[in-house]
Structure formats: structure tokens, C-alpha cells
Amino acid sequence: MINTGQTAASNIIEARDLTRSFSSDTGVFDVSFALPQGAILGLIGPSGSGKTTTVRLMTGLLSPERGSVRVLGQEAITFTTRTRERIGYMPQDFVLYPNLTVSENLNFVASLYGMGYLKRREHLTRVLELVELQDARRRLGHQLSGGMQRRLALACALVHNPVLLFADEPTAGIDPVLRGVFWQYFRELREQGHTLVITTQYVGEAAYCDLVGVMRNGRLLHLNTPDELRRIALGGEVIKLVLPPTQVIDAMQILQRFPAVNDVRRSRNEPGLLYVYTEQASTTLPQLFTLFEQHPDITIEQAQEYQPPFDDLFIRLMEREDAQGAQA
Amino acid sequence: MKALIRLLSFFGKEFHEIRRQPRLILSLIFGPFLILLLFGIGYAGEQPRLRTALVLPANSSEDFDSAEFEQAISTNFEIVHSGTDEQAAMQLLRTGQVDVVEIIPGDIQERMMRNEQSPLELRYNEIDPLSEQWIQYLGYAQVTEINRAIQRVAIADLQEELAQNGVTSNVTAEVLVSPIQQQYANLRGSSLDVMSFYAPSVLALIVQHIAVTLASLSLVRERLQGSFELFRIAPVSPLQVLLGKYIGYLLYIGLIIAALVGLMIWPIMLGVPFLGDVAEFAGFAALLVLASLGIGFLISMYSKTESQAVQLSMLVLLLSVFFSGFFLPLKNFLSPIDLVGYALPITHGIMGFQAIMLRGISPSTFTWLALAALAGGLFVVVALVAQWNFRRS
């Protein structure tokens with residue numbers, strides 16, 4: 001099991017050897033992890049990597065062939081009504097009713113969760129404010145834009161104030177501004193004490209999560225905090241050095257001999273840019289200044305800790321995985 | 001309380017979804033009404049008007065009265081051609097300008113004197129077995145009537161001769177020819193017009209068809225749309241989903257029935273009689289709707305696509321037209337094929353609606369029980385299949 005450092009009692013989800021296959025190479029295989037309460041878990045991975053299947057197993061929509069998943073202290077496949085009342089689910093597609101208004105769709109979902117008229121009114125206003133659909137409450141589902149439909153779907157998933165929210169690719173196919181707004185909602189919910197499991201194809205969104213699960217070919221390769229994932233992908237931390245292009249070769253030779261440096265790489269696009277890989281950037285950075293003071297022929301124009309985008313990290317992780325697979 | 005809210009949630013949803021489709025509502029109410037109206041205005045009765053070419057004998061005896069023959073024949077046959085040329089009449093039949101060629105024998109009396117029967121030929125070119133039966137029946141009735149007319153004349157002549165010889169009788173030729181005469185008595189007073197008679201059947205057919213179609217599309221659409229995932233994760237059981245839909249559609253179709261019956265019985269519209277108890281009618285109609293919804297939901301569970309659901313609904317409609325007694329009496333079917341009819345809610349719906357509306361009596365115990373058994377049985381089956389479908393993963 002991938003350990004997140006929490007005790008079992010505080011874990012809201014615990015999966016052990018979770019397996020559900022659709023063919024020999026599609027499905028989810030031996031997925032184990034634990035998710036503490038009040039965190040955002042982002043499941044990232046390419047299309048077909050098993051993110052949605054994992055969510056469907058966690059919500060009880062699919063039963064595992066092997067292993068188990070306990071959610072809110074219960075096996076997902078045997079959820080009681082009370083447990084279901086504490087779960088919210090936002091599916092990948094718009095599954096609401098195009099001939100109902102925003103308000104009617106919300107009322108319907110709220111009624112499914114057994115909410116009476118008065119309680120429903122209060123919650124409806126709250127979620128409509130959260131997703132900023134107050135002015136569109138009388139618009140029909142089919143009259144909404146794609147982004148508004150996603151917001152309505154989120155509002156429906158939240159209308160009963162669930163403890164745990166599963167959102168399957170909530171930001172798929174929407175513009176970057178709205179994606180930012182969605183992540184703002186998610187973080188607000190996290191602040192309110194909700195736990196969220198969010199799948200996404202946008203690797204960059206991993207930065208917004210408390211925990212990131214990297215999936216590929218139905219397997220959970222890593223489950224870490226974004227910072228830790230960065231360290232794993234890069235083998236440490238990165239320092240960005242800018243110097244005159246004519247001095248780059250000499251600087252690389254000096255750096256490669258320095259014990260605190262694990263690796264040095266040149267930028268392909270910018271000739272005067274070097275990436276220095278080290279265990280801890282904050283410790284190594286002052287040491288590098290001291291080092292280059294001994295080499296007055298080299299002028300460091302700029303030096304700072306660098307955090308590469310998650311897309312790059314994801315590619316590195318995949319490449320590493322491919323290399324390990326080839327060795328095996 | 002929560003369970004009730006969940007049940008009613010489906011009613012609210014279905015209600016809002018349907019009220020957003022005013023054309024659907026109008027077509028469901030006014031469509032059947034207009035069909036019935038057109039039927040009532042345009043239907044001329046079951047007996048066909050047969051266009052007939054009459055071939056009269058070229059060399060007939062002196063006492064042959066062709067005008068009398070034509071008058072007798074025109075009661076059941078529409079004479080469009082009359083003459084002595086048989087070939088010309090047959091040509092009309094071949095080209096479809098007439099339905100029947102009737103060839104009148106010219107030497108009836110001579111043959112009779114020779115103790116021979118005279119053939120009255122009816123020739124036709126028909127593929128419709130019902131039309132053929134009509135031609136043969138009307139031909140038989142006509143020949144019987146002609147024979148009686150001949151007998152009347154012969155007996156009258158004989159009585160006249162006997163009277164001249166002092167033998168008299170107070171029994172007339174008419175009584176001697178037809179000593180027995182039929183008498184009819186309709187306990188209802190008078191029979192209904194054809195439209196009024198068919199109105200309850202049309203109502204039952206429409207109710208069943210609406211229920212089957214709505215229910216069959218309902219679940220399959222939600223399954224394809226993905227809404228089922230929401231239901232499966234939400235704290236709602238398959239039985240609640242099903243019951244909610246049953247209630248929603250029952251109330252909705254109930255409103256349509258009320259509107260449709262209102263239009264039917266309104267004197268300034270169709271003026272169809274409604275002699276029975278309104279509460280009993282409502283209860284019976286509810287049972288018909290529930291049984292029909294059961295068929296629709298079963299189709300919905302089985303269908304993978306909307307078009308498949310529509311096709312199966314149309315098959316139910318087709319079965320209903322043939323086997324329900326709508327046009328062809330159910331008793332005309334051999335056992336066990338007639339069970340197909342009894343397995344359809346409409347069969348009992350027609351019997352029940354006719355009893356309540358047209359006779360003002362309660363449907364028979366068998367009708368009530370059969371419909372209740374269908375509604376209950378189908379509900380149990382649908383609930384079991386839904387349970388299996390809902391949780392299947």
C-alpha cells in the first residue's frame with residue numbers, strides 16, 4: 001500500500017490490491033492507497049490509465065475482482081443509504097436533464113438525497129452561489145454552455161453537502177479560466193473540511209492537490225504530495241543557472257565535479273541556461289556561489305531554485321517507468 | 001419521510017420534463033380525439049358497397065320482369081352496369097371497374113318445370129377473404145329472397161286456381177312461404193353508433209400505447225444518458241426509482257385520460273355515452289395504466305437503444321390491434337393463441353371500458369382480476385429485473 005503517513009482511523013478511503021480488469025491490459029490492477037480526511041487527491045494519468053475505473057470502484061459503481069476498497073469505513077460495494085448520503089459524485093459527462101432548468105435539476109438531485117423542501121432551498125442557494133449560477137437558475141439544461149453544465153453538475157454533486165466528493169475529470173474540455181475557478185471551488189471545499197477525489201488529464205493541475213496519484217496502464221505508480229513527486233521525478237531539486245553561452249561548457253565541467261550536484265543539463269532552447277540537479281536546492285545554492293567565486297572567468301548572471309511544470313515531471317516519470325520496464 | 005421525498009422526486013422530474021413538451025401533450029390528447037372524430041364521420045359501416053354489373057338473360061320468357069330483379073338486387077349490390085352482354089360485364093370485372101358480375105338465368109320457370117334449379121352466378125375477382133365472405137353471404141341472402149318471391153307468386157297463383165275450384169284457405173302465400181319470422185329486441189333500447197361503440201376501445205388502445213411508449217423510453221434514455229450512475233450512487237433504491245416513475249407516469253397519463261374522456265363524452269364534441277361510475281372507471285383506468293407501464297418498463301430494461309425500445313413498443317401496438325378484440329373478436333382465435341390476447345392489458349381494458357362507459361355496469365370479476373394480475377405480475381418482474389440491472393457492474 002502506498003503510505004500517506006496517516007493512521008488508519010483518519011483515512012477516509014483505503015484501497016488494498018484493488019483489481020478490476022476489462023481485458024488483459026485494460027482495467028485497474030493492484031491499486032493500494034490510503035487517503036486521509038480533508039485532503040484533495042488528484043488522480044492524474046493519460047486517457048485509459050484507469051482513473052475513472054478507480055473512481056467507479058470507490059463509488060461502488062463497479063465491484064472489484066480482487067482486493068477491497070473501504071470508503072467512509074465501509075466496503076464500497078455494500079454502501080448503506082446513510083453512507084451514500086455522505087458521498088457526492090460528479091460524473092465525466094453531463095448526465096442531468098436538458099429539459100429541466102438549473103433549479104429543477106438541482107431540486108431533483110436534492111430530492112434523491114431525501115432533502116425536504118426547506119432544507120433544499122437553503123442548500124440550493126448556497127451551491128448556486130458557489131458555482132455562480134444564481135442568475136441562470138431558470139435556464140434549461142440544454143441552454144447552458146459547456147462550462148455552465150459542468151458547474152451545474154458540480155452543484156448537483158454538492159447540493160447535499162457531502163463529506164466526500166468524487167469528481168471525474170471535472171475540468172475536461174473547459175477553458176483555462178474556468179478550470180482555475182473550479183480548482184478555487186475545490187480548495188474552498190477542502191478548507192470547509194470536505195475530502196475530494198478528482199481525476200484529471202491536465203497534469204499541471206496536480207499542483208493544486210494535496211496528494212497526487214499518478215496512474216498508467218491501470219496501475220498507481222506513485223501517490224505523493226506534489227513536492228515529493230517533483231523530487232521523485234527529478235531525483236532531487238533543480239537550480240536554474242543563467243550565464244553567458246560561451247562559458248556554459250566550462251561551467252558544466254566544474255559543476256559535474258562538485259559533490260552536491262547530481263546532474264547538469266543544458267537547455268535545448270536557451271544556450272546560456274543550465275539546470276543543476278541536487279538533493280536540496282536551498283543548501284546547494286549558496287555552495288554554488290562559493291564555488292564560482294573560485295572561478296572568476298565564469299559569470300553567473302542569475303541563479304535560483306527552479307520548479308519545472310508538472311507536465312515535464314509527468315513525462316520524466318513515464319520515461320523512468322518505461323526504462324525500468326525495459327530493464328525488467 | 002426521506003423515502004417519500006425520493007419517490008416524489010421522480011414525479012416532479014417527469015412532470016417538468018413532460019410539461020416542457022406542449023406539442024407532445026396536445027398530440028396525446030387531441031390526436032386520438034381527432035382520429036375518433038374522423039372515424040365517426042367517415043366510417044360507412046362494415047357492409048361493403050359492391051359495384052355490380054348485372055347480366056340479364058337475352059332470351060327471357062314473357063313473364064320475366066328485369067326491373068323487379070334489378071330492384072331486388074340493388075338492396076345489397078350497387079348496380080353500375082346492366083345489360084345482356086356477358087363478355088362486356090366480365091371485361092369490367094377484369095379491369096376492376098366492378099367488384100361483382102351477377103348473371104341472372106333467363107329460363108327459371110322452364111327449368112323449374114323440368115325439376116331443375118337455375119344457377120344465379122356471382123363472379124368476382126377478390127383477394128380479401130372478408131370481402132369474399134360478404135359477397136357470398138349477400139348472394140345467399142339475395143337468392144333466398146328471390147326464391148321466396150317466386151314461391152310467393154307460385155303459391156298465390158295456385159291459391160287462385162284452387163279458389164276458382166271452390167277450395168279456399170285463409171293462410172296467405174306470405175305465411176306459407178315464411179311461416180317463421182324473426183323479431184329483434186335490444187334491451188338497451190337502441191344500438192350505438194359505430195364511433196361510440198369503438199370509443200372505449202380506442203381509449204384503451206391509446207392509454208396502453210402512451211404508457212408503454214413513455215415507460216419503454218424512460219429508463220433506456222436515462223441509462224444511455226448516464227443518469228443511472230447518479231441513481232446508483234445516490235441513496236435511492238431501484239424499487240424507489242421504479243415506484244417513483246410508476247407514480248409519475250400514472251398521474252400524468254391519468255390527466256390525459258381525464259382530458260380525453262372529457263372530450264369524448266362532451267355532447268357538443270363526440271357525445272360518447274358514459275353510463276357507469278366515475279370512481280370505478282378511474283380505478284380501472286389506473287390498473288390499465290399500471291399494467292401497461294409494466295410492459296413498457298420491461299421493454300426498457302431489455303432495450304439497448306431508444307430505437308429498439310420504440311420498435312418493441314410498436315410491436316406491442318401491433319399485437320394489440322390483432323389480438324385484443326379491438327377489430328377481430330377474441331373468441332375467433334383458437335386456443336392457446338387467444339392467450340396472447342389475454343396477456344395484453346388492452347384486452348381487459350376494452351372489456352372494462354365498454355362495460356363501464358357503454359353499459360353502465362362493473363367490469364366482470366375476471367376482467368378485474370386479470371388486469372390486476374397483469375399489473376401486479378409485471379411489477380414484480382420489472383422490480384426484480386431492475387434490481388439486477390441497477391446493481392449490475
# chains A, B, ... in the order shown; residues from 1 in each chain; ligands from 1
$ closest_atom_pairs --of "chain A" --to "chain B" --cutoff "7 Å" --atoms "only C-alpha atoms" --output "tab-separated table"
residue	atom	partner	partner_atom	distance
A:Thr59	CA	B:Ile233	CA	6.6
A:Leu61	CA	B:Ser393	CA	6.4
A:Leu62	CA	B:Ser393	CA	4.9
A:Ser63	CA	B:Ser393	CA	6.3
A:Thr81	CA	B:Pro235	CA	4.7
A:Arg84	CA	B:Pro235	CA	5.1
A:Glu85	CA	B:Pro235	CA	5.8
A:Val95	CA	B:Ser227	CA	4.9
A:Leu96	CA	B:Ser227	CA	6.4
A:Asn99	CA	B:Glu17	CA	5.6
A:Leu100	CA	B:Glu17	CA	6.1
A:Phe108	CA	B:Ser9	CA	5.6
A:Ser111	CA	B:Ser9	CA	5.4
A:Leu112	CA	B:Arg6	CA	4.8
A:Tyr113	CA	B:Pro235	CA	6.0
A:Gly114	CA	B:Lys2	CA	4.3
A:Met115	CA	B:Lys2	CA	6.9
A:Gly116	CA	B:Ile5	CA	6.8
$ residues_around --residues "Asp30 of chain A" --least-positions-apart "4" --cutoff "9 Å" --atoms "only C-alpha atoms" --output "PyMOL selection string"
chain A and resi 16-20+66-67+218-220
$ select_by_dssp --residues "segment 256-353 of chain B" --states "helix (DSSP H, G or I)" --output "MDAnalysis selection string"
chainID B and resid 256:265 278:302 306:323 330:332 338:342 345:353
$ write_last_selection --atoms "C-alpha atoms" --output "short mmCIF file (atom, residue, chain, number, x, y, z; two decimals), in the first residue's frame"
data_model
loop_
_atom_site.label_atom_id
_atom_site.label_comp_id
_atom_site.auth_asym_id
_atom_site.auth_seq_id
_atom_site.Cartn_x
_atom_site.Cartn_y
_atom_site.Cartn_z
CA ILE B 256 -54.51 12.69 -20.25
CA ILE B 257 -57.29 10.11 -19.78
CA ALA B 258 -59.42 12.68 -17.94
CA ALA B 259 -58.96 15.20 -20.75
CA LEU B 260 -59.59 12.61 -23.46
CA VAL B 261 -62.70 11.16 -21.82
CA GLY B 262 -63.97 14.69 -21.22
CA LEU B 263 -63.69 15.44 -24.94
CA MET B 264 -65.27 12.11 -25.87
CA ILE B 265 -68.34 12.39 -23.68
CA VAL B 278 -66.65 7.63 -12.44
CA ALA B 279 -64.69 6.33 -9.43
CA GLU B 280 -64.85 2.78 -10.74
CA PHE B 281 -63.72 3.98 -14.15
CA ALA B 282 -60.79 5.84 -12.55
CA GLY B 283 -59.74 2.76 -10.59
CA PHE B 284 -59.99 0.53 -13.62
CA ALA B 285 -58.10 3.01 -15.81
CA ALA B 286 -55.36 3.23 -13.16
CA LEU B 287 -54.99 -0.53 -13.23
CA LEU B 288 -54.79 -0.49 -17.02
CA VAL B 289 -52.09 2.20 -16.87
CA LEU B 290 -50.09 0.26 -14.26
CA ALA B 291 -50.24 -2.95 -16.27
CA SER B 292 -49.23 -1.12 -19.45
CA LEU B 293 -46.38 0.67 -17.67
CA GLY B 294 -45.13 -2.76 -16.59
CA ILE B 295 -44.84 -3.82 -20.23
CA GLY B 296 -43.10 -0.53 -21.07
CA PHE B 297 -40.58 -0.83 -18.25
CA LEU B 298 -39.86 -4.41 -19.21
CA ILE B 299 -39.11 -3.25 -22.76
CA SER B 300 -36.94 -0.51 -21.32
CA MET B 301 -34.89 -2.97 -19.27
CA TYR B 302 -34.33 -5.13 -22.32
CA GLU B 306 -34.11 4.14 -27.92
CA SER B 307 -34.95 2.92 -31.42
CA GLN B 308 -35.09 -0.64 -30.13
CA ALA B 309 -37.48 0.47 -27.39
CA VAL B 310 -39.68 2.25 -29.94
CA GLN B 311 -39.70 -0.80 -32.22
CA LEU B 312 -40.74 -3.10 -29.41
CA SER B 313 -43.46 -0.65 -28.34
CA MET B 314 -44.79 -0.70 -31.91
CA LEU B 315 -44.80 -4.50 -31.83
CA VAL B 316 -46.95 -4.36 -28.69
CA LEU B 317 -49.27 -1.98 -30.52
CA LEU B 318 -49.48 -4.37 -33.47
CA LEU B 319 -50.18 -7.31 -31.18
CA SER B 320 -52.87 -5.24 -29.50
CA VAL B 321 -54.62 -4.39 -32.77
CA PHE B 322 -54.75 -8.05 -33.81
CA PHE B 323 -55.28 -9.96 -30.59
CA LEU B 330 -61.02 -12.59 -29.34
CA LYS B 331 -63.29 -15.65 -29.43
CA ASN B 332 -62.43 -16.07 -33.12
CA ASP B 338 -56.01 -16.48 -27.70
CA LEU B 339 -53.81 -16.36 -24.58
CA VAL B 340 -51.73 -13.73 -26.41
CA GLY B 341 -54.79 -11.52 -26.25
CA TYR B 342 -55.44 -12.23 -22.59
CA PRO B 345 -53.73 -5.21 -20.74
CA ILE B 346 -55.72 -3.63 -23.57
CA THR B 347 -57.88 -6.76 -23.99
CA HIS B 348 -59.21 -6.36 -20.47
CA GLY B 349 -59.15 -2.59 -20.82
CA ILE B 350 -61.54 -2.73 -23.79
CA MET B 351 -63.92 -5.07 -21.95
CA GLY B 352 -63.83 -2.94 -18.83
CA PHE B 353 -64.19 0.43 -20.54
#
$ select_by_dssp --residues "segment 51-120 of chain B" --states "strand (DSSP E)" --output "ChimeraX atom specification"
/B:51-55,77-83,100-103
$ residues_around --residues "Ala383 of chain B" --least-positions-apart "5" --cutoff "8 Å" --atoms "only C-alpha atoms" --output "ChimeraX atom specification"
/B:238-239,242
$ write_last_selection --atoms "C-alpha atoms" --output "JSON list (two decimals), in the first residue's frame"
[["chain", "number", "residue", "atom", "x", "y", "z"],
["B", 238, "PRO", "CA", -34.08, 0.55, -7.62],
["B", 239, "LEU", "CA", -37.54, 0.00, -6.17],
["B", 242, "LEU", "CA", -39.28, 2.35, -10.25]]
$ closest_residue --among "A:Leu229, A:Gly272, A:Glu237, A:Glu14" --to "Ile249 of chain A" --atoms "only C-alpha atoms"
A:Gly272
$ residues_around --residues "Tyr89 of chain A" --least-positions-apart "3" --cutoff "9 Å" --atoms "only C-alpha atoms" --output "PyMOL selection string"
(chain A and resi 59+153-154+156-158+164-168) or (chain B and resi 230+233-234)
$ residues_around --residues "Pro48 of chain B" --least-positions-apart "2" --cutoff "12 Å" --atoms "only C-alpha atoms" --output "JSON, numbers by chain"
{"B": [43, 44, 45, 46, 50, 51, 52, 76, 77, 78, 99, 100, 128, 130, 131, 132, 133, 134, 135, 137, 138]}
$ atom_distance --atom1 "atom CA of Met252 of chain A" --atom2 "atom CA of Arg265 of chain A"
8.1 Å
$ atom_distance --atom1 "atom CA of Val197 of chain A" --atom2 "atom CA of Thr225 of chain A"
14.0 Å
$ closest_residue --among "B:Thr75, B:Gln183, B:Thr213, B:Ser178" --to "Gly139 of chain B" --atoms "only C-alpha atoms"
B:Thr75
$ residues_around --residues "segment 186-197 of chain B" --least-positions-apart "6" --cutoff "12 Å" --atoms "only C-alpha atoms" --output "PDB file with C-alpha atoms, in the first residue's frame"
ATOM      1  CA  PHE B  33     -59.747  12.580 -30.311  1.00  0.00           C
ATOM      2  CA  LEU B  34     -59.356  13.697 -33.915  1.00  0.00           C
ATOM      3  CA  ILE B  35     -58.813  10.123 -35.109  1.00  0.00           C
ATOM      4  CA  LEU B  36     -62.024   9.075 -33.412  1.00  0.00           C
ATOM      5  CA  LEU B  37     -63.854  12.083 -34.821  1.00  0.00           C
ATOM      6  CA  LEU B  38     -62.703  11.307 -38.366  1.00  0.00           C
ATOM      7  CA  PHE B  39     -63.607   7.664 -37.861  1.00  0.00           C
ATOM      8  CA  GLY B  40     -67.076   8.610 -36.680  1.00  0.00           C
ATOM      9  CA  ILE B  41     -67.638  10.990 -39.562  1.00  0.00           C
ATOM     10  CA  GLY B  42     -66.170   8.821 -42.282  1.00  0.00           C
ATOM     11  CA  TYR B  43     -66.937   5.210 -41.377  1.00  0.00           C
ATOM     12  CA  ALA B  44     -69.792   3.923 -43.508  1.00  0.00           C
ATOM     13  CA  GLY B  45     -70.333   0.616 -41.764  1.00  0.00           C
ATOM     14  CA  GLU B  46     -68.997  -2.877 -42.203  1.00  0.00           C
ATOM     15  CA  LEU B 203     -59.288   4.922 -25.426  1.00  0.00           C
ATOM     16  CA  VAL B 261     -62.704  11.164 -21.825  1.00  0.00           C
ATOM     17  CA  MET B 264     -65.271  12.107 -25.867  1.00  0.00           C
ATOM     18  CA  ILE B 265     -68.344  12.395 -23.684  1.00  0.00           C
ATOM     19  CA  PRO B 267     -72.212  16.281 -26.071  1.00  0.00           C
ATOM     20  CA  MET B 269     -67.901  17.126 -29.228  1.00  0.00           C
ATOM     21  CA  LEU B 270     -68.313  13.357 -29.724  1.00  0.00           C
ATOM     22  CA  GLY B 271     -71.126  12.699 -27.274  1.00  0.00           C
ATOM     23  CA  VAL B 272     -69.998   9.172 -26.449  1.00  0.00           C
ATOM     24  CA  PRO B 273     -72.157   7.783 -23.612  1.00  0.00           C
ATOM     25  CA  PHE B 274     -70.667   7.411 -20.153  1.00  0.00           C
ATOM     26  CA  LEU B 275     -73.194   5.437 -18.115  1.00  0.00           C
ATOM     27  CA  PHE B 326     -60.172  -4.314 -30.979  1.00  0.00           C
ATOM     28  CA  PHE B 327     -61.285  -5.281 -34.509  1.00  0.00           C
ATOM     29  CA  ILE B 350     -61.537  -2.732 -23.790  1.00  0.00           C
ATOM     30  CA  MET B 351     -63.920  -5.075 -21.950  1.00  0.00           C
ATOM     31  CA  PHE B 353     -64.187   0.433 -20.540  1.00  0.00           C
ATOM     32  CA  GLN B 354     -67.075  -0.852 -22.691  1.00  0.00           C
ATOM     33  CA  ALA B 355     -68.827  -2.230 -19.616  1.00  0.00           C
ATOM     34  CA  MET B 357     -68.940   3.536 -20.324  1.00  0.00           C
ATOM     35  CA  LEU B 358     -71.442   1.928 -22.663  1.00  0.00           C
ATOM     36  CA  ARG B 359     -73.392  -0.475 -20.441  1.00  0.00           C
ATOM     37  CA  GLY B 360     -73.083   1.326 -17.124  1.00  0.00           C
TER      38      GLY B 360
END
$ residues_around --residues "segment 266-270 of chain A" --least-positions-apart "6" --cutoff "9 Å" --atoms "only C-alpha atoms" --output "list of chain:residue names"
A:Pro245, A:Val248, A:Met252, A:Val276
